[in-house]
Amino acid sequence: MSVTLKNITKIFTDQDDKSKEFTAVDSVNIEIKEGEMVTFLGPSGCGKTTTLRIISGFEKQTKGDVFIDGQLVNDLPANKRNSSMVFQSYAIFPHLTVEQNIGFGLELKGMKKSQIKGEVDTIMATMGLSALGARQPSQLSGGQQQRVALARAIVTKPRVLLFDEPLSNLDAKLRDQMRTEIRRIQQQFGITSIYVTHDQAEAMTVSDRIMVMDKGRIQQLGTPFEIYSRPTNHFVADFIGRANFFKGMVKKIDTDLTLEINQKEYRFPSFNKDVVVGKRATVVLRPEGLKIEKPNDQAFFNGVVQEAVYLGSTVEYQITVKGRTEPIVAISYNPVKEGLYRVGDQVGVSFDAISAHVIS
Amino acid sequence: MKQRIISSWHDVIRLSKDPLLLGVILLLLISLVLFIIYPLYKVVVVSFQVDGSFSIKNFTDVMTYSNGYYLKALFNSLWMGVATAVLGTFIAYIFAYSLTRANIPGRKFFNLIATIPIISPPFIGALAVIMLFGRNGFVSSTLLGMQNANVYGPRGLLFAQVLTFFPVAYITLRGVLESISPTLEDAAMDLGGNRFTIFRKVTLPLSIPGIASSMLVLFVESLADFGNPLVLAGAQFPILSVQAYLEITGMGNFAKGAALAFILLVPSVSAYLLQKYWVSKKQYVTVTGKPTQSSNDVVSPTARRLLFVVCCLIAACIILVYASIVWGAFAESWGNSNKLTLQNFVYVWRVGFESVLDTLVIAGLSTPLAGTIGMVIAFLVVRKQFWGRKFMEFSSMLSFALPGTVVGIGYILAFNQHPFYLTGTLLILLLNFIFRYLPVGVQGGVAVLKQIDPSIEEAAIDLGADSNKTFRKVTLPLMIPAFFSSLIFSFVRSMTAISAAIFLVSARWKLMTVQIMSQVESGRIGAAAAFSLILVAIILAAMAVIKLILRLKYHTTSSILSH
């Protein structure tokens with residue numbers, strides 16, 4: 001089932017000082033297709049959770065429309081929207097057993113006891129919870145609570161599944177495991193899902209598309225590949241992964257874009273549409289797109305190794321370049337073949353034009 | 001067992017290297033035995049003894065006395081306890097729910113109103129009931145024109161007790177409701193529940209342990225209450241605590257009095273133990289996650305309006321009670337002449353000035369001592385391992401469960417003869433107050449210390465401080481807010497105490513509460529009201545001073561009455 005947001009804006013007013021306003025969500029437009037999993041990604045306070053709560057019905061937008069499955073749901077309260085939320089704190093009812101928690105939504109729908117039992121048993125088997133039905137929530141581990149919360153949301157067969165930073169309370173290893181599982185279950189049931197997180201690795205693994213937000217606005221909407229390798233602006237490039245930025249002057253645009261950096265011209269096949277000839281632009285180079293070699297005249301930059309962190313499969317270098325405040329970050333794969341450089345070594349840095357991307 | 005003996009022996013050896021600590025522990029253990037356990041022991045011994053040997057004759061006597069008059073008193077006390085518990089908790093729940101969940105206007109005001117009865121003497125309710133509904137009552141006589149309205153009996157008493165004790169339930173239930181994460185209500189709504197279903201299936205079930213706990217506490221409080229029944233119960237509706245008092249002071253029959261006290265003790269202690277060791281363990285803990293603020297309304301506009309009206313009615317009742325006290329204090333003759341005058345205050349000044357001074361001396365001396373001892377016990381109980389630690393915690397908290405009447409009778413039985421002849425002295429009053437109001441300090445201190453990571457103290461030791469210096473420089477400053485909260489509490493309680501103290505006052509050492517009581521009994525309502533007003537004024541002034549000290553010196557605020 002699809003979810004469509006049209007021009008959603010949310011303005012909070014200060015309770016004590018009515019003149020103070022804060023725009024949490026600013027003109028958000030998005031169309032989420034049936035069975036798709038979209039992640040809202042951004043730093044805290046970017047408006048992602050507010051947007052999610054507007055979709056669930058817990059928050060009322062100041063302006064704009066929410067459509068679920070083509071139906072306008074602006075005036076439908078949360079309990080009538082047939083969307084299910086997996087809460088950050090799991091919100092498992094402490095006075096009910098695991099079974100009763102999972103069956104809660106079905107009970108509210110007025111389903112027969114015997115039927116509830118069947119549904120709950122099935123979902124518990126799918127989620128690997130079968131042995132825990134009679135447990136109290138306080139007897140569950142964090143990962144198990146997470147599963148119960150997910151099972152409780154799915155069992156009601158919602159049209160839309162909403163995740164509010166569901167993994168932020170788990171330890172790193174469990175988080176990796178759960179995010180693959182969430183993705184597996186989402187695809188198995190084919191439920192349209194919206195997932196809020198500030199963790200980009202999480203967003204990358206679970207999503208069909210990612211909506212990057214900052215200051216209430218959509219910064220970019222695209223597949224994980226597009227978001228990472230073809231960022232639309234500086235914020236996205238900087239927020240997702242690590243990036244080196246080099247400013248230059250746009251000389252020419254044909255099939256490629258010609259950028260002059262440090263009195264040398266370079267051609268880049270990938271660039272944003274808003275880049276203009278004669279204006280300044282920035283090329284985004286990911287650390288893995290850079291190559292470290294002996295210093296030479298053809299190199300993009302020559303500099304000195306300031307820091308080298310050897311991690312076995314990779315080496316991370318920070319290279320200081322004259323006239324540049326930020327050191328260049330580069331990752332060398334297969335260090336046995338590429339050779340190791342030490343702190344203080346003179347090195348040259350070059351890049352693969354194909355992995356670079358130019359933003360305005 | 002053998003291991004336990006060995007480990008206790010190790011404790012002794014370890015403590016003997018720290019003679020100050022050992023000395024403090026021993027002194028406290030002896031004091032707790034002497035001033036909490038021993039009086040209780042005396043009540044039990046005297047009630048089960050006839051002519052120096054074991055007998056249950058006192059009990060059979062008491063139960064058959066005057067066609068089961070005392071049996072009726074027991075029944076009445078229990079009935080009143082249950083009724084106060086149910087009604088008080090019900091009202092408190094509505095109040096607490098409205099203030100925490102319904103987003104009604106004037107929440108700060110309602111909260112303030114609900115906490116006023118806590119700082120007033122427990123019989124103000126009774127006094128107000130007489131002034132409003134009695135023979136010359138404002139409502140009964142002036143408004144309704146009733147002749148010879150009779151407030152003495154169960155209804156008047158129930159009103160007074162609910163008014164007096166519902167704030168205790170309110171504070172408990174408020175805490176319980178605040179601890180229920182709004183996310184749970186969001187989740188229930190998200191799963192398709194409407195507002196009433198959410199309340200019925202989530203909010204209410206989650207508050208059940210809190211409701212049970214509050215009922216048990218109110219039951220214990222009502223059973224132990226002395227001031228209200230002394231004024232309001234009347235001869236037709238005997239109440240156990242009052243009858244025990246009359247048996248001792250009126251008839252001088254210590255054995256029967258002790259037997260009645262023992263009968264009173266059993267349900268109180270049972271309810272207390274049930275609350276402490278069973279119900280409080282059932283409290284639900286919201287499992288994980290950071291608290292999320294819910295902007296979602298769980299109460300419909302209609303329900304909100306209804307709750308607001310109910311809160312207004314409850315608040316109006318409380319205001320009416322206090323307004324009548326203030327008015328009565330300045331009225332020439334309550335019910336007959338409402339001309340404003342200061343003659344009641346002049347009278348109080350002449351008759352009661354001495355008792356004001358005495359009360360201030362007693363409360364002023366016992367309060368800091370109770371607070372300090374409470375903190376030291378809390379520290380020892382949480383941070384130190386020693387033989388008798390569990391006993392120290394249990395006995396120092398026991399006073400919560402003991403009706404004042406029982407303690408008062410225990411004190412006169414225990415300290416009326418050699419080697420501890422203390423009757424009529426300042427000391428007996430001081431000791432009584434110190435050990436009676438110890439639990440709040442201990443409880444507050446324990447709560448604070450359990451939140452302080454022991455590694456903070458270890459860090460101080462690591463940096464070169466010895467255990468004494470660590471306590472003074474690190475632990476104690478962290479306990480300051482709990483300390484001042486306990487000061488406020490024990491000061492209020494010392495100023496308003498009556499049930500135990502009424503046995504211990506003498507011609508030389510008088511208490512305001514006892515004086516107010518005798519004014520009520522002799523029908524001088526105006527004087528009693530004026531006296532009560534002065535008492536409340538002193539308490540408010542003392543609280544302001546303590547809060548000021550806290551703010552100026554420690555830049556923190558006490559939590560007990562500033563929720």
# chains A, B, ... in the order shown; residues from 1 in each chain; ligands from 1
$ residues_around --residues "range 125-131 of chain A" --least-positions-apart "5" --cutoff "12 Å" --atoms "only C-alpha atoms" --output "PDB file with N, CA and C atoms, in the first residue's frame"
ATOM      1  N   VAL A  98       4.467 -12.151  26.855  1.00  0.00           N
ATOM      2  CA  VAL A  98       4.874 -11.999  25.463  1.00  0.00           C
ATOM      3  C   VAL A  98       3.679 -12.270  24.537  1.00  0.00           C
ATOM      4  N   GLU A  99       2.993 -13.406  24.798  1.00  0.00           N
ATOM      5  CA  GLU A  99       1.827 -13.760  23.983  1.00  0.00           C
ATOM      6  C   GLU A  99       0.759 -12.669  24.003  1.00  0.00           C
ATOM      7  N   ILE A 102       1.740  -9.626  22.012  1.00  0.00           N
ATOM      8  CA  ILE A 102       1.628  -9.792  20.559  1.00  0.00           C
ATOM      9  C   ILE A 102       0.157  -9.821  20.139  1.00  0.00           C
ATOM     10  N   LYS A 117      -4.918 -16.931  19.100  1.00  0.00           N
ATOM     11  CA  LYS A 117      -3.888 -17.901  19.478  1.00  0.00           C
ATOM     12  C   LYS A 117      -3.148 -18.408  18.243  1.00  0.00           C
ATOM     13  N   GLY A 118      -3.931 -18.758  17.202  1.00  0.00           N
ATOM     14  CA  GLY A 118      -3.333 -19.266  15.978  1.00  0.00           C
ATOM     15  C   GLY A 118      -2.413 -18.242  15.333  1.00  0.00           C
ATOM     16  N   GLU A 119      -2.911 -17.002  15.199  1.00  0.00           N
ATOM     17  CA  GLU A 119      -2.125 -15.935  14.566  1.00  0.00           C
ATOM     18  C   GLU A 119      -0.839 -15.674  15.337  1.00  0.00           C
ATOM     19  N   VAL A 120      -1.002 -15.591  16.675  1.00  0.00           N
ATOM     20  CA  VAL A 120       0.147 -15.280  17.523  1.00  0.00           C
ATOM     21  C   VAL A 120       1.185 -16.392  17.436  1.00  0.00           C
ATOM     22  N   LEU A 140      13.001 -10.712  29.350  1.00  0.00           N
ATOM     23  CA  LEU A 140      13.505 -10.802  27.981  1.00  0.00           C
ATOM     24  C   LEU A 140      14.782  -9.996  27.817  1.00  0.00           C
ATOM     25  N   SER A 141      15.647 -10.450  26.912  1.00  0.00           N
ATOM     26  CA  SER A 141      16.822  -9.666  26.561  1.00  0.00           C
ATOM     27  C   SER A 141      16.397  -8.556  25.598  1.00  0.00           C
ATOM     28  N   GLY A 143      17.295  -7.958  22.550  1.00  0.00           N
ATOM     29  CA  GLY A 143      16.989  -8.462  21.219  1.00  0.00           C
ATOM     30  C   GLY A 143      15.619  -9.126  21.167  1.00  0.00           C
ATOM     31  N   GLN A 144      15.296  -9.860  22.239  1.00  0.00           N
ATOM     32  CA  GLN A 144      13.985 -10.534  22.295  1.00  0.00           C
ATOM     33  C   GLN A 144      12.859  -9.511  22.387  1.00  0.00           C
ATOM     34  N   GLN A 145      13.073  -8.446  23.181  1.00  0.00           N
ATOM     35  CA  GLN A 145      12.051  -7.405  23.286  1.00  0.00           C
ATOM     36  C   GLN A 145      11.793  -6.787  21.920  1.00  0.00           C
ATOM     37  N   GLN A 146      12.894  -6.572  21.193  1.00  0.00           N
ATOM     38  CA  GLN A 146      12.807  -6.006  19.852  1.00  0.00           C
ATOM     39  C   GLN A 146      11.951  -6.894  18.947  1.00  0.00           C
ATOM     40  N   ARG A 147      12.174  -8.199  19.040  1.00  0.00           N
ATOM     41  CA  ARG A 147      11.393  -9.143  18.242  1.00  0.00           C
ATOM     42  C   ARG A 147       9.916  -9.108  18.611  1.00  0.00           C
ATOM     43  N   VAL A 148       9.648  -9.024  19.923  1.00  0.00           N
ATOM     44  CA  VAL A 148       8.258  -8.984  20.376  1.00  0.00           C
ATOM     45  C   VAL A 148       7.583  -7.731  19.822  1.00  0.00           C
ATOM     46  N   ALA A 149       8.291  -6.616  19.886  1.00  0.00           N
ATOM     47  CA  ALA A 149       7.724  -5.363  19.387  1.00  0.00           C
ATOM     48  C   ALA A 149       7.404  -5.476  17.899  1.00  0.00           C
ATOM     49  N   LEU A 150       8.316  -6.114  17.163  1.00  0.00           N
ATOM     50  CA  LEU A 150       8.124  -6.273  15.722  1.00  0.00           C
ATOM     51  C   LEU A 150       6.959  -7.235  15.444  1.00  0.00           C
ATOM     52  N   ALA A 151       6.926  -8.342  16.192  1.00  0.00           N
ATOM     53  CA  ALA A 151       5.855  -9.317  16.012  1.00  0.00           C
ATOM     54  C   ALA A 151       4.498  -8.675  16.311  1.00  0.00           C
ATOM     55  N   ARG A 152       4.445  -7.869  17.380  1.00  0.00           N
ATOM     56  CA  ARG A 152       3.196  -7.230  17.774  1.00  0.00           C
ATOM     57  C   ARG A 152       2.710  -6.279  16.678  1.00  0.00           C
ATOM     58  N   ILE A 154       3.495  -6.543  13.376  1.00  0.00           N
ATOM     59  CA  ILE A 154       3.219  -7.230  12.119  1.00  0.00           C
ATOM     60  C   ILE A 154       1.931  -8.053  12.178  1.00  0.00           C
ATOM     61  N   VAL A 155       1.642  -8.628  13.358  1.00  0.00           N
ATOM     62  CA  VAL A 155       0.560  -9.599  13.459  1.00  0.00           C
ATOM     63  C   VAL A 155      -0.804  -9.001  13.089  1.00  0.00           C
ATOM     64  N   MET A 178      19.897  -7.789  13.784  1.00  0.00           N
ATOM     65  CA  MET A 178      18.480  -7.421  13.731  1.00  0.00           C
ATOM     66  C   MET A 178      18.121  -6.667  12.458  1.00  0.00           C
ATOM     67  N   GLU A 181      17.491  -8.973   9.807  1.00  0.00           N
ATOM     68  CA  GLU A 181      16.261  -9.708  10.073  1.00  0.00           C
ATOM     69  C   GLU A 181      15.031  -8.848   9.772  1.00  0.00           C
ATOM     70  N   ILE A 182      15.096  -7.579  10.164  1.00  0.00           N
ATOM     71  CA  ILE A 182      13.984  -6.673   9.869  1.00  0.00           C
ATOM     72  C   ILE A 182      13.748  -6.611   8.360  1.00  0.00           C
ATOM     73  N   ARG A 184      14.597  -8.878   6.133  1.00  0.00           N
ATOM     74  CA  ARG A 184      14.102 -10.166   5.671  1.00  0.00           C
ATOM     75  C   ARG A 184      12.590 -10.256   5.888  1.00  0.00           C
ATOM     76  N   ILE A 185      12.155  -9.906   7.109  1.00  0.00           N
ATOM     77  CA  ILE A 185      10.737 -10.024   7.443  1.00  0.00           C
ATOM     78  C   ILE A 185       9.896  -9.043   6.633  1.00  0.00           C
ATOM     79  N   GLN A 186      10.425  -7.833   6.455  1.00  0.00           N
ATOM     80  CA  GLN A 186       9.699  -6.832   5.679  1.00  0.00           C
ATOM     81  C   GLN A 186       9.472  -7.333   4.255  1.00  0.00           C
ATOM     82  N   GLN A 188       9.587 -10.544   3.273  1.00  0.00           N
ATOM     83  CA  GLN A 188       8.763 -11.748   3.334  1.00  0.00           C
ATOM     84  C   GLN A 188       7.276 -11.385   3.360  1.00  0.00           C
ATOM     85  N   PHE A 189       6.926 -10.367   4.158  1.00  0.00           N
ATOM     86  CA  PHE A 189       5.526  -9.980   4.275  1.00  0.00           C
ATOM     87  C   PHE A 189       5.130  -8.931   3.230  1.00  0.00           C
TER      88      PHE A 189
END
$ interface_residues --of "chain A" --to "chain B" --cutoff "9 Å" --atoms "only C-alpha atoms" --output "ChimeraX atom specification"
/A:56-59,77-95,104-106,108-109,137-138,142,152-153,156,168-169
$ write_last_selection --atoms "N, CA and C atoms" --output "compact mmCIF listing (two decimals), in the first residue's frame"
# COMPACT_ATOMS: atom_id res chain seq x y z
N SER A 56 1.93 8.34 11.36
CA SER A 56 1.23 7.41 12.26
C SER A 56 -0.02 8.03 12.85
N GLY A 57 -0.09 9.37 12.86
CA GLY A 57 -1.26 10.04 13.42
C GLY A 57 -1.05 10.55 14.84
N PHE A 58 0.13 10.38 15.39
CA PHE A 58 0.40 10.87 16.75
C PHE A 58 0.64 12.37 16.76
N GLU A 59 1.02 12.88 15.61
CA GLU A 59 1.29 14.31 15.51
C GLU A 59 0.43 14.82 14.36
N PRO A 77 -7.62 9.50 13.39
CA PRO A 77 -6.71 9.38 14.54
C PRO A 77 -5.83 8.14 14.43
N ALA A 78 -4.80 8.09 15.25
CA ALA A 78 -3.78 7.03 15.15
C ALA A 78 -4.39 5.64 15.22
N ASN A 79 -5.43 5.48 16.05
CA ASN A 79 -5.97 4.13 16.24
C ASN A 79 -6.84 3.67 15.07
N LYS A 80 -7.11 4.58 14.11
CA LYS A 80 -7.93 4.18 12.96
C LYS A 80 -7.11 4.10 11.68
N ARG A 81 -5.77 4.32 11.78
CA ARG A 81 -4.99 4.45 10.56
C ARG A 81 -4.46 3.14 10.01
N ASN A 82 -4.54 2.08 10.79
CA ASN A 82 -4.03 0.79 10.34
C ASN A 82 -2.57 0.86 9.90
N SER A 83 -1.80 1.63 10.67
CA SER A 83 -0.36 1.57 10.52
C SER A 83 0.16 1.07 11.86
N SER A 84 1.25 0.32 11.84
CA SER A 84 1.78 -0.18 13.11
C SER A 84 3.18 0.34 13.31
N MET A 85 3.46 0.71 14.55
CA MET A 85 4.74 1.34 14.84
C MET A 85 5.59 0.40 15.69
N VAL A 86 6.87 0.35 15.37
CA VAL A 86 7.82 -0.31 16.27
C VAL A 86 8.57 0.81 16.96
N PHE A 87 8.35 0.94 18.28
CA PHE A 87 8.87 2.10 19.00
C PHE A 87 10.33 1.92 19.38
N GLN A 88 10.98 3.06 19.54
CA GLN A 88 12.38 3.06 19.94
C GLN A 88 12.56 2.36 21.29
N SER A 89 11.62 2.63 22.20
CA SER A 89 11.71 2.00 23.53
C SER A 89 10.95 0.68 23.55
N TYR A 90 10.54 0.21 22.39
CA TYR A 90 9.76 -1.02 22.18
C TYR A 90 8.33 -0.89 22.70
N ALA A 91 8.14 -0.12 23.81
CA ALA A 91 6.79 0.07 24.38
C ALA A 91 6.07 -1.25 24.58
N ILE A 92 6.77 -2.21 25.13
CA ILE A 92 6.14 -3.49 25.44
C ILE A 92 5.39 -3.33 26.75
N PHE A 93 4.14 -3.79 26.78
CA PHE A 93 3.34 -3.61 27.99
C PHE A 93 3.90 -4.48 29.11
N PRO A 94 4.38 -3.85 30.19
CA PRO A 94 5.05 -4.64 31.23
C PRO A 94 4.10 -5.55 32.01
N HIS A 95 2.79 -5.30 31.93
CA HIS A 95 1.86 -6.11 32.71
C HIS A 95 1.33 -7.30 31.92
N PHE A 104 -2.30 -8.29 21.55
CA PHE A 104 -3.04 -7.12 22.02
C PHE A 104 -3.85 -6.43 20.92
N GLY A 105 -3.19 -6.20 19.78
CA GLY A 105 -3.85 -5.50 18.68
C GLY A 105 -5.01 -6.31 18.11
N LEU A 106 -4.82 -7.64 18.06
CA LEU A 106 -5.88 -8.51 17.53
C LEU A 106 -7.08 -8.51 18.46
N LEU A 108 -7.97 -6.11 20.39
CA LEU A 108 -8.68 -4.83 20.22
C LEU A 108 -9.55 -4.85 18.97
N LYS A 109 -9.12 -5.63 17.99
CA LYS A 109 -9.91 -5.72 16.75
C LYS A 109 -11.13 -6.61 16.95
N PRO A 137 7.78 -9.49 30.13
CA PRO A 137 8.73 -8.66 29.38
C PRO A 137 10.06 -8.44 30.14
N SER A 138 9.97 -8.37 31.47
CA SER A 138 11.19 -8.10 32.24
C SER A 138 12.17 -9.27 32.17
N GLY A 142 17.31 -7.62 25.36
CA GLY A 142 16.99 -6.50 24.46
C GLY A 142 16.57 -6.97 23.08
N ARG A 152 4.44 -7.87 17.38
CA ARG A 152 3.20 -7.23 17.77
C ARG A 152 2.71 -6.28 16.68
N ALA A 153 3.66 -5.63 16.01
CA ALA A 153 3.29 -4.69 14.95
C ALA A 153 2.82 -5.43 13.70
N THR A 156 -0.93 -7.68 13.24
CA THR A 156 -2.21 -7.05 12.90
C THR A 156 -2.36 -6.82 11.40
N SER A 168 18.28 1.39 18.24
CA SER A 168 19.25 2.25 18.93
C SER A 168 19.55 1.81 20.35
N ASN A 169 18.70 0.90 20.89
CA ASN A 169 18.98 0.45 22.26
C ASN A 169 19.70 -0.90 22.30
$ residues_around --residues "Glu393 in chain B" --least-positions-apart "4" --cutoff "10 Å" --atoms "only C-alpha atoms" --output "list in words"
Ile377, Ala378, Leu380, Val381, Val382, Gly388, Arg389, Met397, Leu398, Pro439, Val442, Gln443 and Val446 of chain B
$ atom_distance --atom1 "CA of Glu316 in chain A" --atom2 "CA of Glu338 in chain A"
12.6 Å
$ atom_distance --atom1 "CA of Leu40 in chain B" --atom2 "CA of Ser518 in chain B"
27.5 Å
